$ cat target.pdb   # PDB, C-alpha atoms
MODEL        1
ATOM      1  CA  MET A   1     208.906 114.826 136.906
ATOM      2  CA  ALA A   2     212.330 114.526 138.458
ATOM      3  CA  LYS A   3     214.368 111.562 137.259
ATOM      4  CA  THR A   4     215.729 110.517 140.656
ATOM      5  CA  ILE A   5     212.263 110.442 142.206
ATOM      6  CA  GLU A   6     211.021 108.306 139.318
ATOM      7  CA  ARG A   7     213.893 105.854 139.832
ATOM      8  CA  MET A   8     213.193 105.706 143.577
ATOM      9  CA  ARG A   9     209.539 104.955 142.941
ATOM     10  CA  ALA A  10     210.365 102.306 140.351
ATOM     11  CA  ASN A  11     212.958 100.541 142.516
ATOM     12  CA  PRO A  12     212.596 101.332 146.245
ATOM     13  CA  ASN A  13     214.659  98.241 147.124
ATOM     14  CA  ALA A  14     217.839  99.616 145.546
ATOM     15  CA  ASP A  15     220.721 100.634 147.777
ATOM     16  CA  TRP A  16     219.589 104.263 148.204
ATOM     17  CA  GLN A  17     221.867 106.559 150.204
ATOM     18  CA  VAL A  18     221.401 110.052 151.568
ATOM     19  CA  THR A  19     223.262 111.455 148.540
ATOM     20  CA  ASP A  20     220.460 110.099 146.340
ATOM     21  CA  VAL A  21     217.856 111.750 148.561
ATOM     22  CA  GLU A  22     219.823 115.018 148.380
ATOM     23  CA  LYS A  23     219.744 114.830 144.580
ATOM     24  CA  ALA A  24     215.996 114.101 144.547
ATOM     25  CA  CYS A  25     215.412 117.073 146.832
ATOM     26  CA  ARG A  26     217.413 119.401 144.579
ATOM     27  CA  GLU A  27     215.365 118.211 141.609
ATOM     28  CA  ALA A  28     212.155 118.944 143.539
ATOM     29  CA  GLY A  29     213.341 122.351 144.776
ATOM     30  CA  LEU A  30     213.646 121.299 148.421
ATOM     31  CA  GLN A  31     216.373 121.983 150.968
ATOM     32  CA  CYS A  32     218.383 119.051 152.331
ATOM     33  CA  ILE A  33     220.119 120.279 155.474
ATOM     34  CA  PRO A  34     223.059 118.215 156.821
ATOM     35  CA  PRO A  35     223.078 117.229 160.495
ATOM     36  CA  GLU A  36     224.542 119.661 163.004
ATOM     37  CA  GLY A  37     225.658 117.356 165.781
ATOM     38  CA  GLY A  38     222.788 114.938 165.165
ATOM     39  CA  SER A  39     222.471 111.899 162.948
ATOM     40  CA  HIS A  40     219.780 112.915 160.446
ATOM     41  CA  TYR A  41     219.473 115.239 157.470
ATOM     42  CA  LYS A  42     216.429 117.508 157.546
ATOM     43  CA  ILE A  43     214.361 117.899 154.410
ATOM     44  CA  ARG A  44     212.511 121.196 154.164
ATOM     45  CA  SER A  45     210.219 122.917 151.761
ATOM     46  CA  PRO A  46     210.672 126.697 151.838
ATOM     47  CA  ARG A  47     206.882 126.967 151.716
ATOM     48  CA  LEU A  48     205.796 124.013 153.889
ATOM     49  CA  GLY A  49     208.540 123.822 156.528
ATOM     50  CA  LEU A  50     209.954 120.528 157.830
ATOM     51  CA  LEU A  51     208.810 117.523 155.820
ATOM     52  CA  TYR A  52     210.911 114.650 157.139
ATOM     53  CA  VAL A  53     214.327 113.493 158.269
ATOM     54  CA  VAL A  54     216.780 111.045 156.672
ATOM     55  CA  PRO A  55     219.475 109.000 158.463
ATOM     56  CA  ALA A  56     222.881 110.355 157.565
ATOM     57  CA  HIS A  57     225.088 107.275 157.735
ATOM     58  CA  ARG A  58     223.256 104.182 156.589
ATOM     59  CA  ARG A  59     221.247 102.688 153.771
ATOM     60  CA  ILE A  60     217.711 104.020 153.607
ATOM     61  CA  LYS A  61     215.042 101.327 153.967
ATOM     62  CA  PRO A  62     212.689 100.697 151.006
ATOM     63  CA  ARG A  63     209.564 101.689 152.938
ATOM     64  CA  HIS A  64     211.133 105.092 153.673
ATOM     65  CA  ILE A  65     212.034 105.560 150.003
ATOM     66  CA  LYS A  66     208.391 104.904 149.055
ATOM     67  CA  GLU A  67     207.208 107.428 151.660
ATOM     68  CA  ARG A  68     209.700 110.053 150.516
ATOM     69  CA  ALA A  69     208.750 109.613 146.866
ATOM     70  CA  LYS A  70     205.088 110.223 147.785
ATOM     71  CA  ILE A  71     206.000 113.314 149.804
ATOM     72  CA  LEU A  72     208.174 114.696 147.000
ATOM     73  CA  ASP A  73     205.351 114.084 144.521
ATOM     74  CA  ARG A  74     202.949 116.043 146.755
ATOM     75  CA  VAL A  75     205.377 118.937 147.088
ATOM     76  CA  ILE A  76     205.921 119.066 143.321
ATOM     77  CA  ALA A  77     202.172 118.907 142.691
ATOM     78  CA  ASN A  78     201.541 121.828 145.094
ATOM     79  CA  ASP A  79     204.134 124.090 143.465
TER      80      ASP A  79
ENDMDL
END
$ encode --input "target.pdb" --output "structure tokens"
Amino acid sequence: MAKTIERMRANPNADWQVTDVEKACREAGLQCIPPEGGSHYKIRSPRLGLLYVVPAHRRIKPRHIKERAKILDRVIAND
């Protein structure tokens, strides 16, 4: 299991930033696409398409970290 995802799951209340989500995505083999004129990064699975979006310029709320950890776990389990 990817270390960053494990840390997110263990402590969703930490001050997680989009750079942390980018790292977790790399560890899970996902694409993290920076915004092109918008305000959110797009997280994609080459196999599953768009999974979710992440705000580009602010702290990510704990509930979103929990959701993203679950999604990343599902993607890893399906690969």
$ residues_around --input "target.pdb" --residues "region 10-26 of chain A" --least-positions-apart "4" --cutoff "8 Å" --atoms "all atoms listed in the file" --output "MDAnalysis selection string"
chainID A and resid 2:6 30:32 43 54:63 65:66 72
$ write_last_selection --input "target.pdb" --atoms "C-alpha atoms" --output "short mmCIF file (atom, residue, chain, number, x, y, z; two decimals), in the frame of the given file"
data_model
loop_
_atom_site.label_atom_id
_atom_site.label_comp_id
_atom_site.auth_asym_id
_atom_site.auth_seq_id
_atom_site.Cartn_x
_atom_site.Cartn_y
_atom_site.Cartn_z
CA ALA A 2 212.33 114.53 138.46
CA LYS A 3 214.37 111.56 137.26
CA THR A 4 215.73 110.52 140.66
CA ILE A 5 212.26 110.44 142.21
CA GLU A 6 211.02 108.31 139.32
CA LEU A 30 213.65 121.30 148.42
CA GLN A 31 216.37 121.98 150.97
CA CYS A 32 218.38 119.05 152.33
CA ILE A 43 214.36 117.90 154.41
CA VAL A 54 216.78 111.04 156.67
CA PRO A 55 219.48 109.00 158.46
CA ALA A 56 222.88 110.36 157.56
CA HIS A 57 225.09 107.28 157.74
CA ARG A 58 223.26 104.18 156.59
CA ARG A 59 221.25 102.69 153.77
CA ILE A 60 217.71 104.02 153.61
CA LYS A 61 215.04 101.33 153.97
CA PRO A 62 212.69 100.70 151.01
CA ARG A 63 209.56 101.69 152.94
CA ILE A 65 212.03 105.56 150.00
CA LYS A 66 208.39 104.90 149.06
CA LEU A 72 208.17 114.70 147.00
#
$ atom_distance --input "target.pdb" --atom1 "CA of Ala77 (chain A)" --atom2 "CA of Gly29 (chain A)"
11.9 Å
$ atom_distance --input "target.pdb" --atom1 "CA of Pro46 (chain A)" --atom2 "CA of Val75 (chain A)"
10.5 Å
$ atom_distance --input "target.pdb" --atom1 "CA of Ser45 (chain A)" --atom2 "CA of Asn78 (chain A)"
11.0 Å
$ closest_residue --input "target.pdb" --among "A:His40, A:Gly49, A:Ala69, A:Pro34" --to "Arg7 (chain A)" --atoms "all atoms listed in the file"
A:Ala69
$ axis_aligned_box --input "target.pdb" --around "region 14-28 of chain A" --padding-each-side "5 Å" --output "JSON"
{"center_x": 217.7, "center_y": 109.5, "center_z": 146.6, "size_x": 21.1, "size_y": 29.8, "size_z": 20.0}
$ closest_residue --input "target.pdb" --among "A:Ala28, A:Glu36, A:Arg9, A:Val53" --to "Arg74 (chain A)" --atoms "all atoms listed in the file"
A:Ala28
$ build_atoms --input "target.pdb" --residues "region 22-33 of chain A" --atoms "all heavy atoms" --output "tab-separated table (two decimals), in the frame of the given file"
chain	number	residue	atom	x	y	z
A	22	GLU	N	219.42	113.62	148.61
A	22	GLU	CA	219.82	115.02	148.38
A	22	GLU	C	219.57	115.42	146.92
A	22	GLU	O	219.03	116.49	146.65
A	22	GLU	CB	221.30	115.21	148.69
A	22	GLU	CG	221.63	115.23	150.16
A	22	GLU	CD	223.11	115.41	150.39
A	22	GLU	OE1	223.91	114.58	149.89
A	22	GLU	OE2	223.47	116.38	151.08
A	23	LYS	N	219.93	114.55	146.01
A	23	LYS	CA	219.74	114.83	144.58
A	23	LYS	C	218.26	114.95	144.25
A	23	LYS	O	217.84	115.87	143.54
A	23	LYS	CB	220.38	113.73	143.74
A	23	LYS	CG	220.30	113.98	142.27
A	23	LYS	CD	221.03	112.91	141.48
A	23	LYS	CE	220.90	113.19	139.99
A	23	LYS	NZ	221.53	112.14	139.20
A	24	ALA	N	217.44	114.05	144.78
A	24	ALA	CA	216.00	114.10	144.55
A	24	ALA	C	215.41	115.40	145.09
A	24	ALA	O	214.54	116.01	144.46
A	24	ALA	CB	215.31	112.90	145.17
A	25	CYS	N	215.90	115.83	146.24
A	25	CYS	CA	215.41	117.07	146.83
A	25	CYS	C	215.78	118.27	145.96
A	25	CYS	O	214.95	119.16	145.75
A	25	CYS	CB	215.98	117.25	148.24
A	25	CYS	SG	215.27	116.13	149.43
A	26	ARG	N	217.00	118.30	145.48
A	26	ARG	CA	217.41	119.40	144.58
A	26	ARG	C	216.51	119.45	143.35
A	26	ARG	O	216.08	120.52	142.93
A	26	ARG	CB	218.87	119.23	144.15
A	26	ARG	CG	219.88	119.74	145.14
A	26	ARG	CD	221.27	119.84	144.53
A	26	ARG	NE	221.72	118.63	143.86
A	26	ARG	CZ	222.35	117.62	144.47
A	26	ARG	NH1	222.60	117.67	145.75
A	26	ARG	NH2	222.73	116.57	143.77
A	27	GLU	N	216.22	118.28	142.79
A	27	GLU	CA	215.36	118.21	141.61
A	27	GLU	C	213.95	118.71	141.90
A	27	GLU	O	213.29	119.25	141.03
A	27	GLU	CB	215.31	116.78	141.07
A	27	GLU	CG	216.63	116.30	140.48
A	27	GLU	CD	216.62	114.83	140.13
A	27	GLU	OE1	215.59	114.14	140.33
A	27	GLU	OE2	217.66	114.35	139.65
A	28	ALA	N	213.50	118.53	143.15
A	28	ALA	CA	212.16	118.94	143.54
A	28	ALA	C	212.12	120.36	144.11
A	28	ALA	O	211.07	120.86	144.47
A	28	ALA	CB	211.59	117.97	144.57
A	29	GLY	N	213.29	120.99	144.24
A	29	GLY	CA	213.34	122.35	144.78
A	29	GLY	C	213.24	122.41	146.29
A	29	GLY	O	212.78	123.41	146.85
A	30	LEU	N	213.68	121.35	146.96
A	30	LEU	CA	213.65	121.30	148.42
A	30	LEU	C	215.04	121.51	148.99
A	30	LEU	O	216.04	121.31	148.31
A	30	LEU	CB	213.11	119.95	148.90
A	30	LEU	CG	211.71	119.60	148.43
A	30	LEU	CD1	211.36	118.19	148.86
A	30	LEU	CD2	210.71	120.58	148.99
A	31	GLN	N	215.10	121.85	150.26
A	31	GLN	CA	216.37	121.98	150.97
A	31	GLN	C	216.68	120.68	151.68
A	31	GLN	O	215.80	120.09	152.31
A	31	GLN	CB	216.29	123.10	152.01
A	31	GLN	CG	215.96	124.45	151.44
A	31	GLN	CD	215.62	125.44	152.53
A	31	GLN	OE1	215.20	125.09	153.62
A	31	GLN	NE2	215.79	126.72	152.21
A	32	CYS	N	217.92	120.23	151.61
A	32	CYS	CA	218.38	119.05	152.33
A	32	CYS	C	219.51	119.54	153.24
A	32	CYS	O	220.62	119.82	152.78
A	32	CYS	CB	218.87	117.98	151.36
A	32	CYS	SG	219.22	116.41	152.14
A	33	ILE	N	219.21	119.66	154.51
A	33	ILE	CA	220.12	120.28	155.47
A	33	ILE	C	220.90	119.21	156.22
A	33	ILE	O	220.31	118.34	156.87
A	33	ILE	CB	219.32	121.15	156.46
A	33	ILE	CG1	218.51	122.19	155.68
A	33	ILE	CG2	220.25	121.81	157.47
A	33	ILE	CD1	217.39	122.80	156.44
